[in-house]
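Colleague: The structure under discussion is supplied below as structure tokens; questions concerning it will follow.
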Amino acid sequence: MRKHLFALGGASLLLGVSLLAAQAQTVPPTTPPDPPKFDAQGTPNFVGIGDIYEYRTLPAYNEPEYVKAFEAAGKLPPLVDRLPKEPMVFKSTNMPDGIGVYGDVMRHVIGGRPEGWNYMAGQSQGWGGIDIGTMECLTRTALLYEVKAEDLAPMPNLAMSWEWSEDGHKLTMHLVEGAKWSDGVEFTSEDAIFYWEDNVVDPNVTPLNGASPEMFGEGTTLEAPDKYTLVWTFKEAFPRQYLYQMAYGNFCPGPAHIFKPLHPKYKAGATYDEYKNAIKPEYMNIPVMGAWVPVEYRPDDIVVLRRNPYYWKVDDQGNQLPYLNEVQYRLSTWADRDVQAVAGTGDFSNLEQAESYVEALKRSADPNAPARLAFGARTIGYTLYPNLSGNGWGEPDERQQAIRELNRNEDFRKAVTYALDRQRLGEALVKGPFTAIYPGGLYAGTTYYDKDSTVYYPYSLEDAKALLEKAGLKDTDGNGVVNFPAGTAGGADVEVTLLANADYQTDKNLAEGVIAMMEPLGIRVIANFLTGTQHDATYQSGKFDWRVARNGSELISVVQNTTALAPTGPQVSGSHRAGTDGTLDLLPWEKDLVDTVNAFIATDDTAKRLDLMKTYQKIYTENLFGIGLTQYPGALIINKRFANIPAGAPIFMFNWAEDNIIRERVFVPADKQQGYELHPDTLPGEPGSAGPVKL
Ligand code: GLA
């Protein structure tokens, strides 16, 4: 039946596919079917960047009454001295409900667990927005979902302005002057330089989201001529793209005054491991530039954060932000986040695990439901990533090395993709118009996606089997599992381990779907499901054959984390990093992929960029850099008592919804405030002290 697909379309596309292979296939590659119609709810009110915030001095400032009392008692410097010379000023004209009032809490529920506070050295704070709420970065991109296309460029944040040298090789950035960490110590270029030199550039340290120097261009340097100035020097001219890398995840400095004295370069005898793990989650009041400071932690129970009295952002009437006095994170499971948000015992969820959609929708449809639920575009996607390193990344043993060779074999990857019934994979998560067939690469429905450049290998077990045989694999002992050729791994059964993050039901379900679909093909896949932190450490160190993973923002926006679209540097890609000798053994088409991404970064020409992404998509999907699985929409669930939630805030685009909703300006109107504060009338204490302080 499926044989007719060729006649229906995709003929032009086939020209690029090897003629021989096409002839051998009963179901030739084609373009993917259009995703089922599914309308996003709510569209953003598009604005210019300057409409959201600016930096300026205001005649007077205001703060919550209880904080004023600390000031009056001499326990806190006057507000004007805690704020920068020119604070970031949010314009009330851009606030959906206008100027807010102080008080109340946002109660989050998360499935992650904090490992400690040194995210600069790779420790996770537990995700779910603790990360986003405590880290501030040189630029901010989350809000670009509501910025007009003609204005699309990273927004200032800790860097309040910047200019390019005439030749475009130098970028001078001006930091917010007089902004302070939550303990009152000034934030300066020293923090940025410590982050860069001793964390990003130091090969012994890997920051939480994997920032590496090549993400900012090969040979890029960073210097600080004075306290408030940073100067970047790039090999390329005007690589504006890198301003996106300076946003959430990759350039959010931690407090140098806390971490520098612990770093092996400055502390005699200290090891890198000690540096990474010195500041445990029990350490309270870690200085942050974010709106809230961790003041309480109980393992497997809760993390509580209180307002940062030094926060450097205000509204245009001079009220210091945030409006919310506290944020809480119940340490539970990601699935529980959905359940609690819908039930009203939690306040927020990124509904992203498709298994709970029907129930969540049903319960939110009740007009008396405590939370509102709004679906966005299909920006949640999953890919099966074969580990493509053939030269030792992750130090594979003989069997694992034999799998790497298979992963690098085109026929093998094609066999795998042909054996996947994506329709069924999606429906196993949730029935209805949610999931779409996803061949891999850029997502249908996003700016740079081009259907005609997308190669899709429809489900065909017959073709899969033929290709596996072409790859040299046969079931020689008749046990239903194909064997390596006699000379490889002792002719053993082909057994592949599949890494997935066990904190998410969806990740496990999709991985199990893959395992089941490989069985009739004769490939035995063994689950390696690990909890979040173990999972992250395992894939970062290359210790996997295959991995099923939720995709990053680069496949949605393209302009964010662009370098991560291909193995553009030794440590950049999630599935192909440098081997033991420090080199990347790229396959010829991977080299083309890298060149395409680099050409994209090097040009500002819109038409060229669109074209380059067509080429990228073609190379990616034809050669299966990653094997796409499914793509579906996420929904933002938020309790109805919150005001200033922007229309059309996606759960995931340039960043997660915890950033997209601009939490620092979210508030609860006085008549809706609840007594949820666990530490009312307190402020963060001294770094390392036991908890928050009361007057
Ligand atoms: C996890 C969650 C996401 C989001 C991010 C924030 O990855 O699954 O929904 O909350 O953390 O970092």
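Every chain in the structure tokens has a letter given in the order shown (A, B, ...), and although residue numbers restart at 1 in each chain, ligands are simply numbered from 1 in the order shown.
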May I have a table of the residues of segment 20-69 of chain A lying at most 12 Å from segment 159-165 of chain A, giving each one's closest pair of atoms and their distance in Å to one decimal, counting only C-alpha atoms, ordered by chain and ascending residue number, as a Markdown table?
Modeller:
```
| residue | atom | partner | partner_atom | distance |
| --- | --- | --- | --- | --- |
| A:Tyr53 | CA | A:Met160 | CA | 10.7 |
| A:Glu54 | CA | A:Met160 | CA | 8.6 |
| A:Tyr55 | CA | A:Met160 | CA | 7.3 |
| A:Arg56 | CA | A:Met160 | CA | 10.5 |
```
Colleague: Residues within 7 Å of ligand 1 should be enumerated using only C-alpha atoms and all ligand atoms and returned as a list of chain:residue names.
Modeller: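 Going residue by residue within 7 Å of ligand 1, we get A:Trp127, A:Gly128, A:Gly129, A:Asp131, A:Ile132, A:Trp334, A:Asn350, A:Glu352, A:Trp656, A:Glu658.
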Colleague: How would the residues just picked look written out with N, CA, C and O atoms as an mmCIF file, in the first residue's frame?
Modeller:
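Result saved to part-v6.cif:
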```cif
data_model
loop_
_atom_site.group_PDB
_atom_site.id
_atom_site.type_symbol
_atom_site.label_atom_id
_atom_site.label_comp_id
_atom_site.auth_asym_id
_atom_site.auth_seq_id
_atom_site.Cartn_x
_atom_site.Cartn_y
_atom_site.Cartn_z
ATOM 1 N N TRP A 127 16.674 22.212 38.197
ATOM 2 C CA TRP A 127 15.875 22.638 37.036
ATOM 3 C C TRP A 127 14.503 23.188 37.448
ATOM 4 O O TRP A 127 14.317 23.553 38.603
ATOM 5 N N GLY A 128 13.586 23.190 36.470
ATOM 6 C CA GLY A 128 12.225 23.630 36.763
ATOM 7 C C GLY A 128 12.130 25.108 37.106
ATOM 8 O O GLY A 128 11.114 25.560 37.613
ATOM 9 N N GLY A 129 13.190 25.865 36.831
ATOM 10 C CA GLY A 129 13.115 27.302 37.052
ATOM 11 C C GLY A 129 13.905 27.789 38.249
ATOM 12 O O GLY A 129 14.045 28.993 38.432
ATOM 13 N N ASP A 131 16.954 27.237 38.365
ATOM 14 C CA ASP A 131 18.058 27.696 37.528
ATOM 15 C C ASP A 131 17.767 29.098 36.984
ATOM 16 O O ASP A 131 18.519 30.044 37.202
ATOM 17 N N ILE A 132 16.622 29.229 36.328
ATOM 18 C CA ILE A 132 16.299 30.485 35.645
ATOM 19 C C ILE A 132 16.075 31.622 36.652
ATOM 20 O O ILE A 132 16.411 32.769 36.390
ATOM 21 N N TRP A 334 8.149 15.202 37.916
ATOM 22 C CA TRP A 334 7.657 16.096 36.861
ATOM 23 C C TRP A 334 6.182 15.828 36.592
ATOM 24 O O TRP A 334 5.410 16.756 36.312
ATOM 25 N N ASN A 350 4.883 23.369 33.104
ATOM 26 C CA ASN A 350 5.034 23.249 31.662
ATOM 27 C C ASN A 350 4.477 21.876 31.328
ATOM 28 O O ASN A 350 5.139 20.870 31.576
ATOM 29 N N GLU A 352 4.288 19.083 29.392
ATOM 30 C CA GLU A 352 5.198 18.665 28.323
ATOM 31 C C GLU A 352 5.258 17.152 28.179
ATOM 32 O O GLU A 352 5.840 16.642 27.246
ATOM 33 N N TRP A 656 12.511 28.431 28.510
ATOM 34 C CA TRP A 656 11.337 27.847 29.131
ATOM 35 C C TRP A 656 10.411 28.928 29.670
ATOM 36 O O TRP A 656 10.820 30.067 29.885
ATOM 37 N N GLU A 658 9.291 29.542 32.515
ATOM 38 C CA GLU A 658 9.653 30.215 33.774
ATOM 39 C C GLU A 658 10.319 31.549 33.472
ATOM 40 O O GLU A 658 10.268 32.471 34.280
#
```
Colleague: Taking only C-alpha atoms into account, which of A:Gln673, A:Asn561, A:Thr596, A:Asn199 comes nearest Phe216 of chain A?
Modeller: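 Among the listed residues, the smallest separation from Phe216 of chain A belongs to A:Asn561.
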Colleague: So which one's closest to Leu429 of chain A, A:Leu629, A:Val559, A:Ile638, A:Ala486? Using only C-alpha atoms, please.
Modeller: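 So, comparing all the options, the nearest one is A:Leu629.
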Colleague: As a list in words, please: the residues near Gln423 of chain A (cut-off 8 Å, only C-alpha atoms, same-chain neighbours under 3 positions excluded).
Modeller: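 The filter keeps Gly426, Glu427, Ala436 and Ile437 of chain A.
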Colleague: Got a sec: who's within 8 Å of Leu473 of chain A, counting only C-alpha atoms, leaving out chain neighbours fewer than 3 positions off, as JSON, numbers by chain?
Modeller: {"A": [468, 469, 470, 482, 483, 484, 485]}
Colleague: Could you list, as a list of chain:residue names, every residue within 8 Å of Gln317 of chain A, counting only C-alpha atoms and ignoring same-chain residues fewer than 6 positions away?
Modeller: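 Near neighbours after the sequence-gap exclusion: A:Leu58, A:Tyr61, A:Ile99.
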Colleague: Those residues you just picked out, can you put them in a file as a PDB file, in the first residue's frame with N, CA, C and O atoms?
Modeller:
```
ATOM      1  N   LEU A  58      15.491  56.621  38.175  1.00  0.00           N
ATOM      2  CA  LEU A  58      14.164  57.173  38.474  1.00  0.00           C
ATOM      3  C   LEU A  58      14.287  58.093  39.687  1.00  0.00           C
ATOM      4  O   LEU A  58      15.202  57.935  40.504  1.00  0.00           O
ATOM      5  N   TYR A  61      12.434  55.432  44.608  1.00  0.00           N
ATOM      6  CA  TYR A  61      12.217  53.984  44.535  1.00  0.00           C
ATOM      7  C   TYR A  61      11.392  53.512  45.716  1.00  0.00           C
ATOM      8  O   TYR A  61      11.349  54.160  46.765  1.00  0.00           O
ATOM      9  N   ILE A  99       1.095  47.825  36.737  1.00  0.00           N
ATOM     10  CA  ILE A  99       1.942  47.822  37.936  1.00  0.00           C
ATOM     11  C   ILE A  99       1.359  46.859  38.974  1.00  0.00           C
ATOM     12  O   ILE A  99       0.148  46.842  39.199  1.00  0.00           O
TER      13      ILE A  99
END
```
Colleague: Report as a PyMOL selection string all protein, DNA and RNA residues lying within 7 Å of Ala527 of chain A, evaluated on only C-alpha atoms, omitting residues in the same chain fewer than 6 positions from it.
Modeller: chain A and resi 497-499
Colleague: For a quick check of understanding, using only C-alpha atoms, which of A:Ile286, A:Ala69, A:Met215, A:Met518 has the smallest distance to Tyr119 of chain A?
Modeller: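 Between A:Ile286, A:Ala69, A:Met215, A:Met518, the residue approaching Tyr119 of chain A most closely is A:Ile286.
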Colleague: Measuring between only C-alpha atoms, which one of A:Asn250, A:Thr446, A:Asn639, A:Asn94 shows the shortest distance to Ser557 of chain A?
Modeller: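 Nearest candidate to Ser557 of chain A out of A:Asn250, A:Thr446, A:Asn639, A:Asn94: A:Thr446.
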Colleague: Residues of segment 349-381 of chain A in helix (DSSP H, G or I) according to DSSP, as a PyMOL selection string?
Modeller: chain A and resi 354-364
Colleague: Choose the residue, out of A:Ala72, A:Ile645, A:Ala237, A:Ala247, that has the smallest atom-to-atom separation from Leu158 of chain A; count only C-alpha atoms.
Modeller: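 Using only C-alpha atoms, the shortest distance to Leu158 of chain A belongs to A:Ala247.
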Colleague: Looking only at strand (DSSP E or B) from DSSP on the backbone, list the matching residues of segment 530-622 of chain A as an MDAnalysis selection string.
Modeller: chainID A and resid 530 546:550
Colleague: Go ahead and write the selection's residues with C-alpha atoms as an mmCIF file, in the first residue's frame.
Modeller:
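Dumped everything to again_1.cif:
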```
data_model
loop_
_atom_site.group_PDB
_atom_site.id
_atom_site.type_symbol
_atom_site.label_atom_id
_atom_site.label_comp_id
_atom_site.auth_asym_id
_atom_site.auth_seq_id
_atom_site.Cartn_x
_atom_site.Cartn_y
_atom_site.Cartn_z
ATOM 1 C CA LEU A 530 19.063 6.885 34.670
ATOM 2 C CA TRP A 546 22.102 5.491 21.571
ATOM 3 C CA ARG A 547 20.182 8.105 23.466
ATOM 4 C CA VAL A 548 16.559 9.244 23.345
ATOM 5 C CA ALA A 549 16.324 12.893 24.329
ATOM 6 C CA ARG A 550 14.104 15.941 24.343
#
```
Colleague: With distances taken over only C-alpha atoms, which of A:Asn660, A:Ser212, A:Thr141, A:Asn62 is nearest to Val572 of chain A?
Modeller: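 Ranking A:Asn660, A:Ser212, A:Thr141, A:Asn62 by distance to Val572 of chain A, first place goes to A:Ser212.
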Colleague: What's the separation between atom CA of Leu373 of chain A and atom CA of Ala670 of chain A, in Å to one decimal place?
Modeller: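 Straight-line distance from atom CA of Leu373 of chain A to atom CA of Ala670 of chain A works out to 22.9 Å.
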Colleague: Which neighbours of Glu190 of chain A fall inside 10 Å, counting only C-alpha atoms, when residues of the same chain fewer than 2 positions from it are skipped, and could you give them as an MDAnalysis selection string?
Modeller: chainID A and resid 186:188 192:196 223:224 226:230 253 255:257
Colleague: So the first atom is atom CA of Asp34 of chain A and the second is atom CA of Ser460 of chain A; what is the distance between them in Å, to one decimal place?
Modeller: 19.1 Å
